[in-house]
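Engineer: Quick one: the structure is below, questions incoming.
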Amino acid sequence: MSKPSDRLRELGITLPAVPKPVAAYVPSVRHGSLLFLSGQIPFQEGRIAFAGMVPTHHGIEAAQQAARVCTLNALAVAADAAGGIDRIARIVKLVVYVASAPGFTEQHLVANGASELLVSIFGDAGRHARAAVGAPGLPLNAAVEVDLTCAIVE
Amino acid sequence: MSKPSDRLRELGITLPAVPKPVAAYVPSVRHGSLLFLSGQIPFQEGRIAFAGMVPTHHGIEAAQQAARVCTLNALAVAADAAGGIDRIARIVKLVVYVASAPGFTEQHLVANGASELLVSIFGDAGRHARAAVGAPGLPLNAAVEVDLTCAIVE
Amino acid sequence: MSKPSDRLRELGITLPAVPKPVAAYVPSVRHGSLLFLSGQIPFQEGRIAFAGMVPTHHGIEAAQQAARVCTLNALAVAADAAGGIDRIARIVKLVVYVASAPGFTEQHLVANGASELLVSIFGDAGRHARAAVGAPGLPLNAAVEVDLTCAIVE
């Protein structure tokens, strides 16, 4: 398995700039070798790329893409805190919140957008514990929010 | 206090088979002596035993039973990862998501189904920090999802 | 920067009594130097001070106040478990659930009520990773629920 930084290059992925929290919190807090991240929404080039509810405004595939955008933002935060993406030892836990219209029950399919990206970048170290949950609304009308916890090389 | 494995026997409980994740994630990730589990839904014999909303489709008692089924699935995962249920040192944190119809505000009563089962099996080591939260929808139309973190004997 | 106990005094804040869990769970569980807390709702003098949905029953400012009440309850729990508020080394992670009417997407503004209080008490050690999420309903009709994880001086 190649290094995560090699995989990013092979996948043609450039991590975005580290999203700035809008308030009195920080992108991540390290405790020992665990890195707790702030929830990430699908900011892309300074705006919410996927606003609205699933599936009303975004079908499953678009919502999966939103989950990927959130996850790349989370990885940008984690890489910045860890001293490079290759210093992320393991993706530990992923919680994916999906802004869900009444009756929507495929949050797990949306979350797969995040899960599969993590495995494509980190291989086995990207295989994580996960919860997928619906929400009636998320900050700034985000369609998806990704809450990631990872382990850092000590 | 008897061992958790003894208590399971006394309670007439057999842990189910370890539920298989449906996607690119794993049932649990260990970090040091902490075990982070994937969210568990009320799978029973290969199907969702409690589908729908609370209280529309399931009253409090049925939803508590759903929480118990989720929790047994979580314990199956934890026991498998830890090398047996007696190697679970402490239930640390429990988040219970309840698929909630508008106006439902008794998520804590539903969560008691999970909490009381944990204490009946583990005694004081089963007493955990907890959050109970409503959701407009959960994966595969599950009525309840249980997200467990536990500590393992080192 | 003054000690958190000094800051509380300067801010004119007295921590409330430790809220008693209503069921088979405990206010907090310590694992190593990490303290996992139970979700806190806006109990004040034995009743829910902020019941209902945001913004239907409580506007942003009232909901921020609800978040502060939840956070003070959480700090009472943490101080009790740690042996005093000055033994809280770091606020690690904050999840703020907001009981959200359809269309409400400013959970992050509500969460600022909690975040800003933490920084005012702990300074840089109060700067935390955070997720803000909507919920269709919370226990006992609470408008806000605060789920805190912190680190304790070893």
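Each chain in the structure tokens gets a letter, A, B, ..., in the order shown, and its residues are numbered from 1; ligands are numbered from 1 in order too.
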Up to 10 Å from chain C, what residues of chain B turn up? Count only C-alpha atoms and give them as a PyMOL selection string.
Structural biologist: chain B and resi 33-34+90-95+97-120+124+126-137+150-151
Engineer: Tell me which protein, DNA and RNA residues are within 9 Å of Ala17 of chain C, counting only C-alpha atoms, leaving out same-chain ones fewer than 6 positions away, and put them as a PyMOL selection string.
Structural biologist: chain C and resi 45+73+76-77
Engineer: Keeping C-alpha atoms for every residue in the selection just given, could you write it to a file as a PDB file, in the first residue's frame?
Structural biologist:
```pdb
ATOM      1  CA  GLU C  45     -33.520  24.797  39.941  1.00  0.00           C
ATOM      2  CA  ASN C  73     -24.411  21.835  34.371  1.00  0.00           C
ATOM      3  CA  ALA C  76     -20.554  21.174  37.596  1.00  0.00           C
ATOM      4  CA  VAL C  77     -20.315  17.489  36.697  1.00  0.00           C
TER       5      VAL C  77
END
```
Engineer: Could you name the residues that touch segment 2-7 of chain C at 6 Å or less, counting only C-alpha atoms, but leaving out those on the same chain fewer than 5 positions away, as a ChimeraX atom specification?
Structural biologist: /C:86,121-122
Engineer: Quick one: write out the picked residues with N, CA and C atoms as an mmCIF file, in the first residue's frame?
Structural biologist:
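Output below, filename selection10.cif:
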```
data_model
loop_
_atom_site.group_PDB
_atom_site.id
_atom_site.type_symbol
_atom_site.label_atom_id
_atom_site.label_comp_id
_atom_site.auth_asym_id
_atom_site.auth_seq_id
_atom_site.Cartn_x
_atom_site.Cartn_y
_atom_site.Cartn_z
ATOM 1 N N ASP C 86 -10.451 23.731 38.684
ATOM 2 C CA ASP C 86 -9.078 24.041 38.271
ATOM 3 C C ASP C 86 -8.304 22.792 37.861
ATOM 4 N N ILE C 121 -14.238 31.129 30.600
ATOM 5 C CA ILE C 121 -13.828 30.527 31.875
ATOM 6 C C ILE C 121 -12.414 29.942 31.810
ATOM 7 N N PHE C 122 -12.096 29.272 30.711
ATOM 8 C CA PHE C 122 -10.842 28.506 30.660
ATOM 9 C C PHE C 122 -9.763 29.157 29.786
#
```
Engineer: What is the distance, in Å and to one decimal place, between atom CA of Ala62 of chain A and atom CA of Ala143 of chain A?
Structural biologist: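 If I compute the distance from atom CA of Ala62 of chain A to atom CA of Ala143 of chain A, I get 9.5 Å.
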Engineer: From chain B, collect each residue whose DSSP state is strand (DSSP E) and return the set as a PyMOL selection string.
Structural biologist: chain B and resi 28-31+34-37+43-44+47-48+88-99+129-135+144-152
Engineer: Mind pulling up the distance from atom CA of Arg68 of chain B to atom CA of Arg47 of chain C?
Structural biologist: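 Interatomic distance, atom CA of Arg47 of chain C to atom CA of Arg68 of chain B: 28.9 Å.
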Engineer: Separation of atom CA of Pro55 of chain B and atom CA of Val96 of chain C, in Å?
Structural biologist: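 Atom-to-atom, atom CA of Pro55 of chain B to atom CA of Val96 of chain C, that is 24.2 Å.
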